[in-house]
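Novice: I'm passing along run12.tsv; it holds TSV, C-alpha atoms and all ligand atoms.
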```
chain	number	residue	atom	x	y	z
H	237	MET	CA	0.00	0.00	0.00
H	238	ARG	CA	1.26	3.46	-0.96
H	239	LEU	CA	1.11	5.87	1.98
H	240	ALA	CA	1.92	9.53	2.47
H	241	VAL	CA	2.45	11.58	5.64
H	242	ILE	CA	1.23	15.13	6.31
H	243	GLY	CA	3.29	16.87	9.01
H	244	ALA	CA	6.91	15.82	9.45
H	245	GLY	CA	7.49	16.99	13.04
H	246	VAL	CA	8.31	14.87	16.09
H	247	ILE	CA	5.50	12.38	15.51
H	248	GLY	CA	5.45	12.55	11.68
H	249	ARG	CA	9.10	11.49	11.65
H	250	LEU	CA	8.26	8.35	13.64
H	251	ARG	CA	5.17	7.65	11.50
H	252	ALA	CA	7.29	7.94	8.35
H	253	ALA	CA	9.92	5.56	9.75
H	254	SER	CA	7.22	3.10	10.71
H	255	ILE	CA	5.68	3.08	7.20
H	256	ALA	CA	9.11	2.80	5.56
H	257	ASP	CA	10.05	-0.20	7.76
H	258	HIS	CA	6.73	-2.03	7.51
H	259	ARG	CA	6.34	-4.98	5.15
H	260	GLY	CA	3.63	-4.24	2.64
H	261	THR	CA	3.67	-0.45	2.93
H	262	GLU	CA	5.62	2.10	0.97
H	263	LEU	CA	6.18	5.72	1.99
H	264	VAL	CA	5.73	7.62	-1.27
H	265	ALA	CA	5.44	11.27	-0.18
H	266	LEU	CA	5.67	13.73	2.70
H	267	ALA	CA	4.09	17.16	3.05
H	268	ASP	CA	5.14	19.82	5.52
H	269	VAL	CA	4.97	23.61	5.29
H	270	ASP	CA	8.59	23.45	6.44
H	271	ARG	CA	10.29	21.88	3.40
H	272	GLU	CA	13.57	21.31	5.22
H	273	CYS	CA	11.78	19.47	7.96
H	274	ALA	CA	10.17	17.15	5.39
H	275	ALA	CA	13.49	16.71	3.56
H	276	ARG	CA	15.21	15.63	6.79
H	277	VAL	CA	12.57	12.97	7.34
H	278	ALA	CA	12.57	11.61	3.77
H	279	ARG	CA	15.19	8.93	3.84
H	280	THR	CA	15.65	8.38	0.10
H	281	GLY	CA	15.23	10.33	-3.12
H	282	GLN	CA	12.25	8.09	-3.95
H	283	ILE	CA	10.07	9.97	-1.45
H	284	LYS	CA	8.49	13.08	-2.92
H	285	ILE	CA	8.45	16.23	-0.79
H	286	PHE	CA	5.68	18.85	-0.87
H	287	THR	CA	4.88	22.02	1.06
H	288	SER	CA	1.19	21.75	0.12
H	289	TYR	CA	-0.67	18.65	1.31
H	290	GLN	CA	-3.42	19.29	-1.27
H	291	GLN	CA	-0.88	19.24	-4.10
H	292	MET	CA	0.70	16.09	-2.68
H	293	ILE	CA	-2.60	14.20	-2.61
H	294	GLU	CA	-3.66	15.39	-6.08
H	295	GLU	CA	-0.31	14.53	-7.67
H	296	VAL	CA	0.76	11.38	-5.85
H	297	ARG	CA	-2.69	9.85	-5.26
H	298	PRO	CA	-1.63	7.80	-2.19
H	299	GLU	CA	-3.99	5.02	-1.06
H	300	ALA	CA	-3.71	6.18	2.54
H	301	VAL	CA	-2.37	9.17	4.44
H	302	VAL	CA	-1.22	9.68	8.01
H	303	VAL	CA	-2.05	13.14	9.38
H	304	SER	CA	0.41	14.21	12.07
H	305	THR	CA	-0.01	17.98	12.14
H	306	PRO	CA	-1.25	20.11	15.07
H	307	PRO	CA	-4.84	19.16	16.06
H	308	MET	CA	-6.53	22.34	14.82
H	309	LEU	CA	-5.53	21.31	11.26
H	310	HIS	CA	-6.72	17.70	11.42
H	311	GLU	CA	-10.28	18.25	10.23
H	312	GLU	CA	-9.56	20.13	6.99
H	313	MET	CA	-6.74	17.74	6.07
H	314	CYS	CA	-8.74	14.58	6.79
H	315	LEU	CA	-11.78	15.82	4.88
H	316	PHE	CA	-9.63	16.69	1.88
H	317	ALA	CA	-7.92	13.27	1.90
H	318	LEU	CA	-11.12	11.26	2.48
H	319	GLU	CA	-12.99	13.11	-0.26
H	320	ARG	CA	-10.21	12.13	-2.66
H	321	GLY	CA	-10.51	8.46	-1.80
H	322	CYS	CA	-7.68	8.06	0.72
H	323	HIS	CA	-7.90	6.00	3.89
H	324	VAL	CA	-6.70	8.12	6.82
H	325	LEU	CA	-4.92	7.55	10.11
H	326	VAL	CA	-5.04	10.81	12.07
H	327	GLU	CA	-3.17	11.62	15.25
H	328	LYS	CA	-5.04	12.27	18.45
H	329	PRO	CA	-7.07	14.28	19.27
H	330	MET	CA	-9.18	13.62	16.20
H	331	SER	CA	-10.19	17.31	16.08
H	332	THR	CA	-10.30	20.25	18.48
H	333	THR	CA	-14.13	20.24	18.37
H	334	LEU	CA	-16.78	17.56	18.73
H	335	GLU	CA	-18.62	18.89	15.67
H	336	GLY	CA	-15.38	18.57	13.69
H	337	CYS	CA	-15.00	14.93	14.82
H	338	ARG	CA	-18.57	14.17	13.75
H	339	ARG	CA	-18.04	15.77	10.31
H	340	MET	CA	-14.89	13.68	9.86
H	341	ALA	CA	-16.64	10.42	10.82
H	342	GLU	CA	-19.56	11.24	8.51
H	343	THR	CA	-17.25	12.08	5.60
H	344	ALA	CA	-15.42	8.76	6.04
H	345	ARG	CA	-18.73	6.89	6.05
H	346	THR	CA	-19.95	8.67	2.91
H	347	ALA	CA	-16.62	8.11	1.14
H	348	GLY	CA	-16.53	4.46	2.23
H	349	ARG	CA	-12.99	4.92	3.52
H	350	THR	CA	-11.31	3.89	6.78
H	351	LEU	CA	-10.70	6.74	9.21
H	352	ALA	CA	-8.62	5.64	12.19
H	353	ILE	CA	-7.38	7.61	15.18
H	354	GLY	CA	-3.84	7.38	16.52
H	355	PHE	CA	-4.67	6.08	19.97
H	356	ASN	CA	-1.43	4.12	20.02
H	357	HIS	CA	-1.55	3.58	23.80
H	358	ARG	CA	-3.81	0.62	23.03
H	359	PHE	CA	-0.77	-1.07	21.55
H	360	TYR	CA	1.67	-0.66	24.43
H	361	PRO	CA	2.64	-4.25	25.29
H	362	ALA	CA	1.74	-3.62	28.96
H	363	VAL	CA	-1.81	-2.60	27.98
H	364	GLN	CA	-2.17	-5.62	25.70
H	365	TRP	CA	-1.02	-7.91	28.54
H	366	MET	CA	-3.50	-6.31	30.95
H	367	LYS	CA	-6.32	-6.86	28.44
H	368	GLN	CA	-5.36	-10.53	28.25
H	369	VAL	CA	-5.44	-10.83	32.08
H	370	LEU	CA	-8.92	-9.29	32.09
H	371	ARG	CA	-10.11	-11.57	29.25
H	372	GLU	CA	-8.89	-14.59	31.20
H	373	GLY	CA	-10.79	-13.42	34.30
H	374	ARG	CA	-7.66	-13.69	36.44
H	375	ILE	CA	-8.75	-10.93	38.87
H	376	GLY	CA	-12.34	-12.17	39.09
H	377	THR	CA	-15.23	-9.80	38.56
H	378	VAL	CA	-13.97	-6.25	37.99
H	379	ASP	CA	-15.55	-3.67	40.29
H	380	HIS	CA	-13.60	-0.54	39.32
H	381	PHE	CA	-10.79	0.91	37.22
H	382	ARG	CA	-8.30	3.66	37.99
H	383	ILE	CA	-6.66	5.65	35.22
H	384	PHE	CA	-3.98	8.31	35.45
H	385	GLY	CA	-1.94	10.10	32.79
H	386	GLY	CA	0.25	13.14	33.13
H	387	HIS	CA	3.32	15.06	32.17
H	388	ALA	CA	4.93	18.38	32.95
H	389	GLY	CA	2.85	20.46	30.52
H	390	LEU	CA	2.61	21.88	27.02
H	391	LYS	CA	2.90	25.39	25.70
H	392	LYS	CA	0.56	24.62	22.80
H	393	ALA	CA	-2.83	24.77	24.54
H	394	GLU	CA	-4.58	26.67	21.76
H	395	GLU	CA	-3.46	24.07	19.20
H	396	THR	CA	-4.82	21.20	21.28
H	397	GLY	CA	-8.09	22.97	22.12
H	398	GLY	CA	-9.03	21.77	25.60
H	399	GLY	CA	-5.93	21.55	27.79
H	400	CYS	CA	-4.62	18.32	29.29
H	401	LEU	CA	-7.97	16.60	28.68
H	402	MET	CA	-7.36	16.79	24.92
H	403	ASP	CA	-3.66	15.94	25.14
H	404	ILE	CA	-2.42	13.06	27.35
H	405	GLY	CA	-5.98	12.99	28.77
H	406	ILE	CA	-7.55	11.90	25.50
H	407	HIS	CA	-5.29	8.82	25.39
H	408	MET	CA	-6.51	8.00	28.91
H	409	THR	CA	-10.14	8.50	27.89
H	410	ASP	CA	-9.65	6.11	25.01
H	411	LEU	CA	-7.91	3.60	27.29
H	412	ALA	CA	-10.88	3.83	29.67
H	413	ARG	CA	-13.18	2.77	26.81
H	414	PHE	CA	-10.66	0.18	25.63
H	415	VAL	CA	-10.53	-1.66	28.96
H	416	ALA	CA	-13.95	-0.89	30.49
H	417	GLY	CA	-16.25	-0.56	27.48
H	418	GLU	CA	-18.53	2.31	26.54
H	419	ILE	CA	-18.78	5.27	28.93
H	420	GLU	CA	-22.29	6.49	29.72
H	421	SER	CA	-21.86	9.40	32.09
H	422	VAL	CA	-19.18	11.55	33.70
H	423	TYR	CA	-18.87	13.67	36.81
H	424	GLY	CA	-15.74	15.76	36.88
H	425	VAL	CA	-13.74	18.88	37.45
H	426	GLY	CA	-11.47	20.19	34.75
H	427	SER	CA	-9.15	23.15	34.26
H	428	GLU	CA	-6.57	23.71	31.53
H	429	ASP	CA	-3.94	21.83	33.52
H	430	ASN	CA	-5.86	19.20	35.46
H	431	ALA	CA	-8.94	17.04	35.11
H	432	MET	CA	-10.41	14.57	37.58
H	433	ALA	CA	-13.57	12.61	37.00
H	434	ILE	CA	-15.62	9.56	37.76
H	435	LEU	CA	-16.58	7.91	34.48
H	436	HIS	CA	-19.41	5.40	34.50
H	437	ALA	CA	-19.17	2.52	32.06
H	438	ARG	CA	-22.35	1.09	30.54
H	439	SER	CA	-21.50	-2.16	32.38
H	440	GLY	CA	-22.07	-0.23	35.64
H	441	VAL	CA	-18.37	-0.25	36.56
H	442	PRO	CA	-16.93	3.15	37.65
H	443	ILE	CA	-13.55	4.47	36.54
H	444	SER	CA	-11.62	7.07	38.48
H	445	TYR	CA	-9.83	9.26	35.95
H	446	GLN	CA	-7.14	11.90	36.22
H	447	SER	CA	-5.12	13.68	33.57
H	448	THR	CA	-2.65	16.44	34.30
H	449	TRP	CA	-0.10	18.84	32.91
H	450	THR	CA	1.38	19.34	36.38
H	451	GLU	CA	3.03	15.95	36.85
H	452	TRP	CA	6.44	17.22	37.97
H	453	ARG	CA	7.93	13.77	37.62
H	454	GLY	CA	7.39	13.91	33.84
H	455	PHE	CA	5.54	11.70	31.35
H	456	HIS	CA	3.91	8.83	33.10
H	457	TRP	CA	0.60	6.92	33.05
H	458	HIS	CA	-1.06	3.83	34.45
H	459	VAL	CA	-4.30	1.90	34.11
H	460	ASP	CA	-5.45	-0.33	36.98
H	461	ALA	CA	-8.31	-2.78	37.26
H	462	TYR	CA	-9.59	-4.06	40.60
H	463	GLY	CA	-11.63	-7.22	40.91
H	464	ASP	CA	-12.94	-9.52	43.64
H	465	ARG	CA	-9.85	-11.77	43.34
H	466	GLY	CA	-7.09	-9.25	42.67
H	467	MET	CA	-5.79	-6.29	40.73
H	468	VAL	CA	-3.75	-5.68	37.59
H	469	ARG	CA	-1.81	-2.60	36.49
H	470	ALA	CA	-0.31	-1.50	33.17
H	471	ALA	CA	2.18	1.34	33.59
H	472	TYR	CA	4.61	3.48	31.66
H	473	ALA	CA	7.37	4.87	31.96
H	474	PRO	CA	9.16	2.60	32.69
H	475	MET	CA	6.86	-0.04	31.21
H	476	PHE	CA	5.70	-2.74	33.61
H	477	ASN	CA	2.70	-4.80	34.72
H	478	MET	CA	1.77	-5.81	38.21
H	479	LEU	CA	-0.74	-8.54	38.91
H	480	ILE	CA	-1.78	-9.48	42.44
H	481	ALA	CA	-4.39	-12.22	42.45
H	482	ARG	CA	-5.77	-15.25	44.25
H	483	ASP	CA	-6.57	-18.26	42.08
H	484	ARG	CA	-9.81	-18.64	44.03
H	485	ARG	CA	-11.60	-16.72	46.77
H	486	GLY	CA	-9.73	-17.21	50.03
H	487	GLY	CA	-6.79	-18.75	48.13
H	488	ARG	CA	-3.15	-17.66	48.38
H	489	ARG	CA	-2.19	-14.23	46.99
H	490	ARG	CA	0.31	-14.36	44.17
H	491	ARG	CA	2.21	-11.30	43.01
H	492	THR	CA	3.56	-11.14	39.45
H	493	PHE	CA	5.75	-8.35	38.11
H	494	LYS	CA	6.18	-8.24	34.38
H	495	LEU	CA	9.07	-6.06	33.27
H	496	TYR	CA	10.08	-5.16	29.73
H	497	PRO	CA	13.91	-5.09	29.92
H	498	GLU	CA	14.43	-4.95	26.15
H	499	ILE	CA	12.18	-1.90	25.86
H	500	ILE	CA	13.63	-0.20	28.93
H	501	VAL	CA	17.25	-0.72	27.82
H	502	ARG	CA	16.50	0.41	24.27
H	503	GLU	CA	14.89	3.59	25.63
H	504	LYS	CA	17.94	4.27	27.83
H	505	ILE	CA	20.22	4.01	24.81
H	506	LYS	CA	18.09	5.37	21.98
H	507	GLY	CA	15.30	7.33	23.69
H	508	TRP	CA	11.55	7.11	24.34
H	509	GLU	CA	10.87	7.46	20.62
H	510	THR	CA	11.79	3.79	20.13
H	511	THR	CA	8.80	2.70	22.20
H	512	THR	CA	6.43	5.13	20.49
H	513	LYS	CA	7.65	3.80	17.14
H	514	LEU	CA	7.10	0.20	18.32
H	515	THR	CA	3.46	1.03	19.11
H	516	PHE	CA	3.11	2.84	15.76
H	517	ASP	CA	4.38	-0.31	13.99
H	518	ILE	CA	1.74	-2.45	15.69
H	519	GLU	CA	-0.93	0.21	15.12
H	520	LEU	CA	-0.06	0.37	11.41
H	521	SER	CA	-0.72	-3.36	10.99
H	522	HIS	CA	-4.10	-2.91	12.70
H	523	PHE	CA	-4.84	0.06	10.39
H	524	LEU	CA	-4.10	-2.14	7.36
H	525	LYS	CA	-6.32	-4.91	8.75
H	526	SER	CA	-9.20	-2.49	9.19
H	527	ILE	CA	-8.76	-1.24	5.61
H	528	ARG	CA	-8.98	-4.88	4.46
H	529	GLY	CA	-12.17	-5.26	6.51
H	530	GLU	CA	-10.57	-7.69	8.98
H	531	PRO	CA	-11.16	-7.47	12.76
H	532	SER	CA	-8.66	-5.12	14.38
H	533	GLU	CA	-8.11	-3.20	17.60
H	534	ILE	CA	-7.51	0.12	15.85
H	535	ALA	CA	-9.43	3.10	17.25
H	536	ASP	CA	-12.08	3.77	14.61
H	537	ALA	CA	-13.71	7.11	13.83
H	538	ASP	CA	-16.49	6.51	16.36
H	539	SER	CA	-13.87	5.93	19.08
H	540	GLY	CA	-12.35	9.30	18.18
H	541	VAL	CA	-15.75	11.02	18.36
H	542	ARG	CA	-16.55	9.31	21.64
H	543	ALA	CA	-13.21	10.18	23.30
H	544	ASN	CA	-13.74	13.82	22.32
H	545	ALA	CA	-17.35	13.76	23.61
H	546	ILE	CA	-16.18	12.41	26.98
H	547	ALA	CA	-13.52	15.15	27.28
H	548	GLN	CA	-16.11	17.85	26.45
H	549	ALA	CA	-18.56	16.27	28.91
H	550	ILE	CA	-15.98	16.51	31.73
H	551	HIS	CA	-15.58	20.23	30.98
H	552	ARG	CA	-19.40	20.62	30.96
H	553	SER	CA	-19.76	18.69	34.19
H	554	SER	CA	-17.09	20.86	35.78
H	555	ARG	CA	-18.89	24.07	34.82
H	556	ALA	CA	-22.31	22.76	35.90
H	557	ARG	CA	-21.00	20.99	39.03
H	558	ALA	CA	-23.26	18.12	38.07
H	559	PRO	CA	-22.99	14.74	36.35
H	560	VAL	CA	-23.39	14.73	32.57
H	561	VAL	CA	-25.01	11.84	30.72
H	562	LEU	CA	-23.54	11.26	27.27
H	563	GLU	CA	-25.81	11.01	24.23
A	601	LIG	N1	0.28	9.39	19.71
A	601	LIG	C1	1.16	10.00	20.47
A	601	LIG	O1	1.74	9.38	21.34
A	601	LIG	C2	1.42	11.47	20.26
A	601	LIG	C3	2.44	12.11	20.97
A	601	LIG	C4	2.66	13.47	20.74
A	601	LIG	C5	1.88	14.17	19.82
A	601	LIG	N2	0.88	13.52	19.16
A	601	LIG	C6	0.03	14.23	18.17
A	601	LIG	O2	0.73	14.28	16.93
A	601	LIG	C7	0.40	15.47	16.23
A	601	LIG	C8	1.69	16.20	15.86
A	601	LIG	O3	2.40	16.52	17.03
A	601	LIG	P1	3.99	16.81	16.99
A	601	LIG	O4	4.43	16.75	18.41
A	601	LIG	O5	4.66	15.94	15.98
A	601	LIG	O6	4.00	18.33	16.50
A	601	LIG	P2	5.18	19.07	15.74
A	601	LIG	O7	4.93	20.53	15.96
A	601	LIG	O8	6.51	18.51	16.11
A	601	LIG	O9	4.94	18.70	14.20
A	601	LIG	C9	3.88	19.20	13.46
A	601	LIG	C10	4.37	19.38	12.02
A	601	LIG	O10	3.26	19.80	11.22
A	601	LIG	C11	3.75	20.75	10.28
A	601	LIG	N3	2.65	21.56	9.77
A	601	LIG	C12	2.01	22.60	10.36
A	601	LIG	N4	1.08	23.11	9.53
A	601	LIG	C13	1.11	22.37	8.40
A	601	LIG	C14	0.38	22.41	7.17
A	601	LIG	N5	-0.58	23.31	6.95
A	601	LIG	N6	0.70	21.50	6.21
A	601	LIG	C15	1.68	20.59	6.41
A	601	LIG	N7	2.40	20.50	7.55
A	601	LIG	C16	2.12	21.38	8.54
A	601	LIG	C17	4.75	21.57	11.08
A	601	LIG	O11	5.63	22.28	10.22
A	601	LIG	C18	5.45	20.47	11.89
A	601	LIG	O12	6.60	19.96	11.23
A	601	LIG	C19	-0.56	16.24	17.14
A	601	LIG	O13	-1.88	15.94	16.78
A	601	LIG	C20	-0.28	15.67	18.52
A	601	LIG	O14	-1.40	15.75	19.39
A	601	LIG	C21	0.66	12.19	19.34
```
Kindly return the structure encoded in the file as structure tokens.
Ligand SMILES: NC(=O)c1ccc[n+]([C@@H]2O[C@H](COP(=O)([O-])OP(=O)(O)OC[C@H]3O[C@@H](n4cnc5c(N)ncnc54)[C@H](O)[C@@H]3O)[C@@H](O)[C@H]2O)c1
Specialist:
Amino acid sequence: MRLAVIGAGVIGRLRAASIADHRGTELVALADVDRECAARVARTGQIKIFTSYQQMIEEVRPEAVVVSTPPMLHEEMCLFALERGCHVLVEKPMSTTLEGCRRMAETARTAGRTLAIGFNHRFYPAVQWMKQVLREGRIGTVDHFRIFGGHAGLKKAEETGGGCLMDIGIHMTDLARFVAGEIESVYGVGSEDNAMAILHARSGVPISYQSTWTEWRGFHWHVDAYGDRGMVRAAYAPMFNMLIARDRRGGRRRRTFKLYPEIIVREKIKGWETTTKLTFDIELSHFLKSIRGEPSEIADADSGVRANAIAQAIHRSSRARAPVVLE
């Protein structure tokens, strides 16, 4: 499959590397308003460089594009690509507005093209392992989840449109849906820098949620599930799992730590980008599966809309000081 990338910044560079390395995909073009930035990312002369994404799509006619520009540009770029028959993988957040997300999902439906959202946290090995533990029922019946994600802050609030909730927080919102199922209502407090909420899953299970731009320790998140026979945690950084469980009620407690030495050592030597790229590689294969109509764990357009709706609902709940039920 011939793919192109729009936006060759920090994330676009990793997306481009992922496409170039993947079996079955070819990186054919890159567009960035900063030509030098795009040229640095293009690894060979075979990859065409553009400063206009419209011109790139019209001339190169890629089968799919990855949009990794600032969030306030996602909608116009995705609509343009979808209307010209491209499948699209767009970085999170899908758009800065809920209406924008809905227009994007609708356009993809009308065009009959796949629109996927870059919720790559789904593909962190620790999250995948936790999902497996939950599927196997190893902690019994789950009664609540606890989700936290934070870092030391961004200067680009107006680009993100919604503070920490739309930045690291939107990954956490998607992870909440990924592990607990659909969210029905929220009760929260949110400012630009911090958001805390109780999310209620349709299953009846509550999720305590926090996202922050004031985590002085730096980038760091975890997802915990508590059941009647134990608990399991997926955490990053460093990546690890912790499982404490009894094999039966009243049985002996067993504690399992799962570490990821290969990932941790590689990060120490080559940086955090290596882990992000690993998750992008896995995500890309899920994107291709979804284009082929095969089952996949990729975040689809509706997941992007829903994550945005939950973030907006937390802001609404905060202003109203009341719970908000989602449509
Ligand atoms: N999935 C993740 O883990 C993760 C992590 C960080 C950021 N992101 C998301 O990735 C996206 C990009 O973030 P980033 O940190 O790479 O930003 P960045 O500022 O490093 O890169 C953005 C690039 O887009 C280019 N650009 C701006 N306007 C353009 C236009 N009109 N046409 C073409 N190119 C244009 C810029 O020149 C820049 O090179 C954002 O949506 C962000 O939320 C995702």
Novice: If you count all atoms listed in the file, which residues fall within 12 Å of H:Arg345, apart from same-chain ones fewer than 2 positions away, as JSON, numbers by chain?
Specialist: {"H": [315, 318, 319, 321, 323, 338, 339, 340, 341, 342, 343, 347, 348, 349, 350, 351, 352, 536, 537, 538]}
Novice: Produce a table with one row for each residue of chain H that has an atom at most 8 Å from any atom of ligand LIG 601 (chain A), each row naming the nearest atom pair and its distance in Å at one decimal; use only C-alpha atoms and all ligand atoms; arrange rows by chain and rising residue number; format as a tab-separated table.
Specialist:
```
residue	atom	partner	partner_atom	distance
H:Ile242	CA	A:LIG601	C15	5.5
H:Gly243	CA	A:LIG601	O10	3.7
H:Ala244	CA	A:LIG601	O12	4.5
H:Gly245	CA	A:LIG601	O9	3.3
H:Val246	CA	A:LIG601	O5	3.8
H:Ile247	CA	A:LIG601	O5	3.7
H:Gly248	CA	A:LIG601	O5	5.5
H:Arg249	CA	A:LIG601	O5	7.6
H:Ala267	CA	A:LIG601	C15	5.4
H:Asp268	CA	A:LIG601	N7	3.5
H:Val269	CA	A:LIG601	C15	4.6
H:Asp270	CA	A:LIG601	O11	4.9
H:Cys273	CA	A:LIG601	O12	6.1
H:Ala274	CA	A:LIG601	O12	7.4
H:Thr287	CA	A:LIG601	C15	6.4
H:Ser288	CA	A:LIG601	N6	6.1
H:Tyr289	CA	A:LIG601	N6	5.8
H:Val303	CA	A:LIG601	C7	7.6
H:Ser304	CA	A:LIG601	C7	4.3
H:Thr305	CA	A:LIG601	O10	3.9
H:Pro306	CA	A:LIG601	C19	4.4
H:Pro307	CA	A:LIG601	O13	4.4
H:Leu309	CA	A:LIG601	N5	6.9
H:His310	CA	A:LIG601	O13	7.4
H:Val326	CA	A:LIG601	O13	7.6
H:Glu327	CA	A:LIG601	O13	4.8
H:Lys328	CA	A:LIG601	O13	5.1
H:Pro329	CA	A:LIG601	O14	5.9
H:Met330	CA	A:LIG601	O13	7.7
H:Gly354	CA	A:LIG601	N1	5.6
H:Phe355	CA	A:LIG601	N1	6.0
H:Asn356	CA	A:LIG601	N1	5.5
H:His357	CA	A:LIG601	O1	7.1
H:Thr396	CA	A:LIG601	O14	6.7
H:Asp403	CA	A:LIG601	O14	6.2
H:His407	CA	A:LIG601	N1	8.0
H:Thr512	CA	A:LIG601	O1	6.4
```
Novice: Could you tell me how far atom CA of H:Ile419 lies from atom CA of H:Val369, in Å and to one decimal?
Specialist: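 Atom CA of H:Ile419 sits 21.1 Å away from atom CA of H:Val369.
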Novice: Given all atoms listed in the file as the basis, pick out the residue of H:Ala556, H:Ala256, H:His456, H:Arg320 nearest to H:Arg297.
Specialist: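 With all atoms listed in the file as the atom set, the closest residue is H:Arg320.
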Novice: Can you tell me, as a PyMOL selection string, what residues are no more than 7 Å from stretch 513-517 of chain H when counting all atoms listed in the file, ignoring any on the same chain fewer than 6 positions away?
Specialist: chain H and resi 250-251+254+356+359-360
Novice: Using all atoms listed in the file, which residue out of H:Ala252, H:Met402, H:Ile293, H:Val241 lies closest to H:Leu266?
Specialist: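 Closest candidate: H:Val241.
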Novice: When you draw a straight line from atom CA of H:Met432 to atom CA of H:Ser447, how long is it in Å?
Specialist: 6.7 Å
Novice: H:Ile383, H:Ile255, H:Val425, H:Met467: which is nearest H:Pro559, counting only C-alpha atoms?
Specialist: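 For H:Pro559, the nearest of the candidates is H:Val425.
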Novice: So which residues touch H:Ser554 within 12 Å, counting all atoms listed in the file, skipping near sequence neighbours fewer than 4 positions away, as a ChimeraX atom specification?
Specialist: /H:422-428,430-434,547-550,558-560
Novice: Return the single residue from H:Ala473, H:Cys322, H:Leu495, H:Leu334 that is closest to H:Trp365, with distances computed using all atoms listed in the file.
Specialist: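 For H:Trp365, the nearest of the candidates is H:Leu495.
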Novice: Between H:Leu325, H:Ile283, H:Ala317, H:Ala470, which one has atoms that come closest to H:Leu524, using all atoms listed in the file?
Specialist: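 That would be H:Leu325, the residue with the smallest distance to H:Leu524.
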Novice: Suppose you want the space between atom CA of H:Arg482 and atom CA of H:Gln368; what is it in Å?
Specialist: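 The value is 16.7 Å.
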Novice: With distances taken over all atoms listed in the file, which of H:Arg552, H:Arg502, H:Lys284, H:Arg371 is nearest to H:Arg271?
Specialist: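 With all atoms listed in the file as the atom set, the closest residue is H:Lys284.
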Novice: Near H:Trp449, counting only C-alpha atoms, which residues have an atom at most 8 Å away, once you skip same-chain residues fewer than 5 positions from it, shown as a PyMOL selection string?
Specialist: chain H and resi 386-390+400+429-430
Novice: Find the spatial neighbours of H:His258, counting all atoms listed in the file, within a cut-off of 10 Å - ignore same-chain residues fewer than 6 positions away - and output them as a list of chain:residue names.
Specialist: H:Asp517, H:Ile518, H:Leu520, H:Ser521
Novice: Please write out, as lines of an AutoDock Vina configuration file, where the centre of an axis-aligned box around all listed atoms of stretch 317-321 of chain H lies and how long its edges are, in Å to one decimal, after adding 8 Å on each side.
Specialist:
```
center_x = -10.5
center_y = 10.9
center_z = -0.1
size_x = 21.1
size_y = 20.8
size_z = 21.1
```
